[in-house]
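Inspection log for the structure reproduced underneath, given as structure tokens.
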Amino acid sequence: MKGENDMEDIRDAAWRGYLRQNGMKGIRNKLLVIYTVKCSAHVAKEIARLSDDKNVETVGFDGCCDNEYAVRLLLALARHPNVGAVLAVGLGCEYVQAKLLAEKAGESGRLSGWFLIQEHGGTLPSIRYGLEQVKNMLEELKRTPIAPMGFRDLIVGAECGGSDYTSGLAGNVLVGRFYDRMVDLGGTAIFEEIVEAVGLKSMLEGRAADEKARAQLAAAYDKALEYCKSVRQYSVSPGNFAGGLSSIEEKSMGALAKSGSRPVKGVLKVSQTPPGPGLWLLDSTPDPCWMGFGYTNPNDSEGLMDLISCGAQLVFLVTGRGNVVGSAVSPVFKITGNSSTFRRMSGDMDFDAGPALSGELTLDELCGRLFGEIARVCSGAETNAEKLGHKEYFIPYKYQEKKAGFHPKCREAGPLSGPSKIRVQI
Amino acid sequence: MTEAAGQAVFQIDPGDNVATALEDLTAGEAAVHGSPSKKTAVVSQDVPAGHKVALRDIAAGEPVVKYGVVIGQATKDIERGQWVHLHNMKSRYDLRSSSLDAVTGAPTDTCYE
């Protein structure tokens, strides 16, 4: 049996994308209500809820501190290709500035507004004011320019969560095959979870597209390994062991399978848009040194948000056991390699890669079908997470430098610096 | 040796010395899916779904190979057909993991007091 889409169909696949000022295109046209501190979260969420429009979503940062990592993430979401409008809601005494978020979103061509709850008379007047703004912006969003879009305009991210033995045998392997084709078509693919590459340094280095990428991959690997040693915790859980995985190396191979086989162009940091098409590794591990804090991937929602912060208009979640989460900003498409999970959680799972294990279908056949499904989602068909209203997000405190580098600036800070001094705040 | 009807394992790389159980295995033969080095594998004891079975004898100290890469090291002599897990292999990085309970994966070295 042949896959439903061969390479030619895939290359020519086109749908209507939302054109942004910088030339990037979105597959959704969202209005983001952003809260700048936990204290303004309720008002922001009420505005989104009462607007009664599925394109209105809430994200925000809880802390009353302007953690640079979190601010960059908020900005990345405000200027994401799937986002057309931003309403920033502040309380009025916090560090993160609603006005600046709105201004930056505005400069990028997004519709934007902001206000402070303290200046608008408290909860109810703020909600009323916010709703009015949202209503006007939604009307204007209808006039967003449309442009033809195809797989070469797409950035796809992938992570795995709630894994079982099928993830490394089928789910991630299928995503790897999809990534190979995406890259061949001129598209962009991002994989993450460098802490799940432990034991595979030479293999990673061997995948580097050039010398610079090789150095970046080696540095990201060394940092992740040092991090795991320091916290005495590798990215493998009791459930993973109970399910049959016997070592982090084994889990790593299963996780790395989703990167496919094409050369890795380089290492991205959270909130960094890929400099060009091709395959990229996203490093979400906290950087070491005096401000070294944060947690690599505290949960799947955070991992998905990291990928989305790099501009991914669509993200894969490969889940053998069956995670149900979705995400704000970009559709989450859930793939399981476990056919019984697919049957048991059919309302949540989008794609069954299990037939690759039973031998019913080849990987290429499944990959062709997957491309067909993704073209439909890009054309506006909702993923199961979207249908169910899953719009999870998670923006933690973390210390990360802006770009992948080999000599973080704090290394010059003296004897207290260095990877052995990683401190972790959970 | 009895024939356990229909049971199957998955071998990822022809060079692997372990394969993954696609269902709960009992002693007998199993069909090998994926990239088999042989069409059938011997199973000499119960192996839960998702766990590994040795495709050939692996001596203590020898690498355990899956995906064509080393995923750990045998800590005991392992015979063809045996279950391969925390009780007879260990990670070369995560030195704590081989101290976990082989069935539940729960840590045995954390004090709850």
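Following the order of the structure tokens, first chain is A, next is B, and so on, with residues numbered from 1 inside each chain and ligands from 1 in the order they appear.
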Problem set entry | 10 Å contact set for Ala74 of chain B, only C-alpha atoms, chain neighbours under 3 positions out, as a list in words | Ile58, Ala59, Ala60, Gly61, Glu62, Pro63, Val64, Asp77, Ile78, Val84, His85, Leu86, His87, Asn88, Met89, Lys90 and Ser91 of chain B
For this session: For Thr110 of chain B, work out the shell of residues within 12 Å, counting only C-alpha atoms and skipping chain neighbours fewer than 5 positions away, then give it as an MDAnalysis selection string.
Result: chainID B and resid 96 99:100
Take the residues just selected and output them with C-alpha atoms as a compact mmCIF listing (two decimals), in the first residue's frame.
```
# COMPACT_ATOMS: atom_id res chain seq x y z
CA ARG B 96 22.24 5.49 40.33
CA SER B 99 20.11 0.61 42.18
CA LEU B 100 16.43 1.17 41.36
```
Would you kindly report the residues of chain B within 7 Å of chain A, using only C-alpha atoms, as a CSV table (one decimal) with C-alpha atoms, in the first residue's frame?
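New file iface07.csv:
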```csv
chain,number,residue,atom,x,y,z
B,50,GLY,CA,8.4,-3.0,26.4
B,51,HIS,CA,11.2,-4.8,28.1
B,52,LYS,CA,14.2,-6.3,26.4
B,67,TYR,CA,19.5,1.0,18.1
B,71,ILE,CA,22.9,1.6,25.9
B,72,GLY,CA,24.8,0.1,28.9
B,85,HIS,CA,17.1,-4.9,32.7
B,86,LEU,CA,18.4,-3.1,35.8
B,90,LYS,CA,23.8,-0.7,34.1
B,91,SER,CA,24.1,2.7,32.4
B,94,ASP,CA,23.7,7.3,35.4
B,97,SER,CA,19.8,3.8,38.0
B,103,VAL,CA,10.2,-4.1,38.5
B,104,THR,CA,8.8,-0.8,39.7
B,105,GLY,CA,11.7,1.5,38.9
B,106,ALA,CA,11.3,3.1,42.3
```
Problem set entry | Distance query Trp15 of chain A at most 9 Å, only C-alpha atoms, self and fewer than 6 positions along chain excluded, as an MDAnalysis selection string | chainID A and resid 27 147:150 375:376 378:380
Exercise. If we count only C-alpha atoms, what is near Lys212 of chain A at a cut-off of 10 Å, once residues fewer than 4 positions away on the same chain are taken out, given as an MDAnalysis selection string?
Worked result: chainID A and resid 208 216:218 265:267
Exercise. What does the distance from atom CA of Leu25 of chain B to atom CA of Cys160 of chain A come to in Å, to one decimal?
Worked result: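 Pair atom CA of Leu25 of chain B / atom CA of Cys160 of chain A returns 26.5 Å.
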For this session: Please identify all polymer residues within 9 Å of Ala19 of chain B, counting only C-alpha atoms, omitting same-chain residues fewer than 4 positions from it, and present them as a ChimeraX atom specification.
Result: /B:9-12,32,41,51-55,66
Kindly save the residues from that selection, with N, CA and C atoms included, as a PDB file, in the first residue's frame.
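Output file again.pdb follows:
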```
ATOM      1  N   VAL B   9       8.785  -9.784  19.040  1.00  0.00           N
ATOM      2  CA  VAL B   9       9.718  -8.780  19.565  1.00  0.00           C
ATOM      3  C   VAL B   9      10.131  -7.875  18.415  1.00  0.00           C
ATOM      4  N   PHE B  10      10.730  -6.726  18.731  1.00  0.00           N
ATOM      5  CA  PHE B  10      11.139  -5.762  17.711  1.00  0.00           C
ATOM      6  C   PHE B  10      12.631  -5.502  17.841  1.00  0.00           C
ATOM      7  N   GLN B  11      13.368  -5.817  16.769  1.00  0.00           N
ATOM      8  CA  GLN B  11      14.809  -5.546  16.751  1.00  0.00           C
ATOM      9  C   GLN B  11      15.044  -4.320  15.875  1.00  0.00           C
ATOM     10  N   ILE B  12      15.697  -3.304  16.414  1.00  0.00           N
ATOM     11  CA  ILE B  12      15.810  -2.038  15.675  1.00  0.00           C
ATOM     12  C   ILE B  12      16.947  -2.088  14.670  1.00  0.00           C
ATOM     13  N   VAL B  32      10.539 -12.059  15.118  1.00  0.00           N
ATOM     14  CA  VAL B  32      11.298 -10.813  15.239  1.00  0.00           C
ATOM     15  C   VAL B  32      10.845  -9.839  14.145  1.00  0.00           C
ATOM     16  N   ALA B  41      13.305 -15.455  17.690  1.00  0.00           N
ATOM     17  CA  ALA B  41      14.174 -15.323  18.858  1.00  0.00           C
ATOM     18  C   ALA B  41      13.705 -16.302  19.926  1.00  0.00           C
ATOM     19  N   HIS B  51       9.915  -4.430  27.584  1.00  0.00           N
ATOM     20  CA  HIS B  51      11.224  -4.790  28.142  1.00  0.00           C
ATOM     21  C   HIS B  51      12.051  -5.538  27.091  1.00  0.00           C
ATOM     22  N   LYS B  52      13.310  -5.752  27.423  1.00  0.00           N
ATOM     23  CA  LYS B  52      14.240  -6.330  26.448  1.00  0.00           C
ATOM     24  C   LYS B  52      14.551  -7.794  26.736  1.00  0.00           C
ATOM     25  N   VAL B  53      14.791  -8.524  25.643  1.00  0.00           N
ATOM     26  CA  VAL B  53      15.203  -9.915  25.752  1.00  0.00           C
ATOM     27  C   VAL B  53      16.545 -10.048  25.018  1.00  0.00           C
ATOM     28  N   ALA B  54      17.466 -10.851  25.580  1.00  0.00           N
ATOM     29  CA  ALA B  54      18.785 -11.015  24.950  1.00  0.00           C
ATOM     30  C   ALA B  54      18.663 -11.895  23.707  1.00  0.00           C
ATOM     31  N   LEU B  55      19.230 -11.425  22.595  1.00  0.00           N
ATOM     32  CA  LEU B  55      19.184 -12.195  21.349  1.00  0.00           C
ATOM     33  C   LEU B  55      20.343 -13.183  21.279  1.00  0.00           C
ATOM     34  N   LYS B  66      21.496  -1.639  21.495  1.00  0.00           N
ATOM     35  CA  LYS B  66      20.147  -1.448  20.936  1.00  0.00           C
ATOM     36  C   LYS B  66      20.210  -0.189  20.076  1.00  0.00           C
TER      37      LYS B  66
END
```
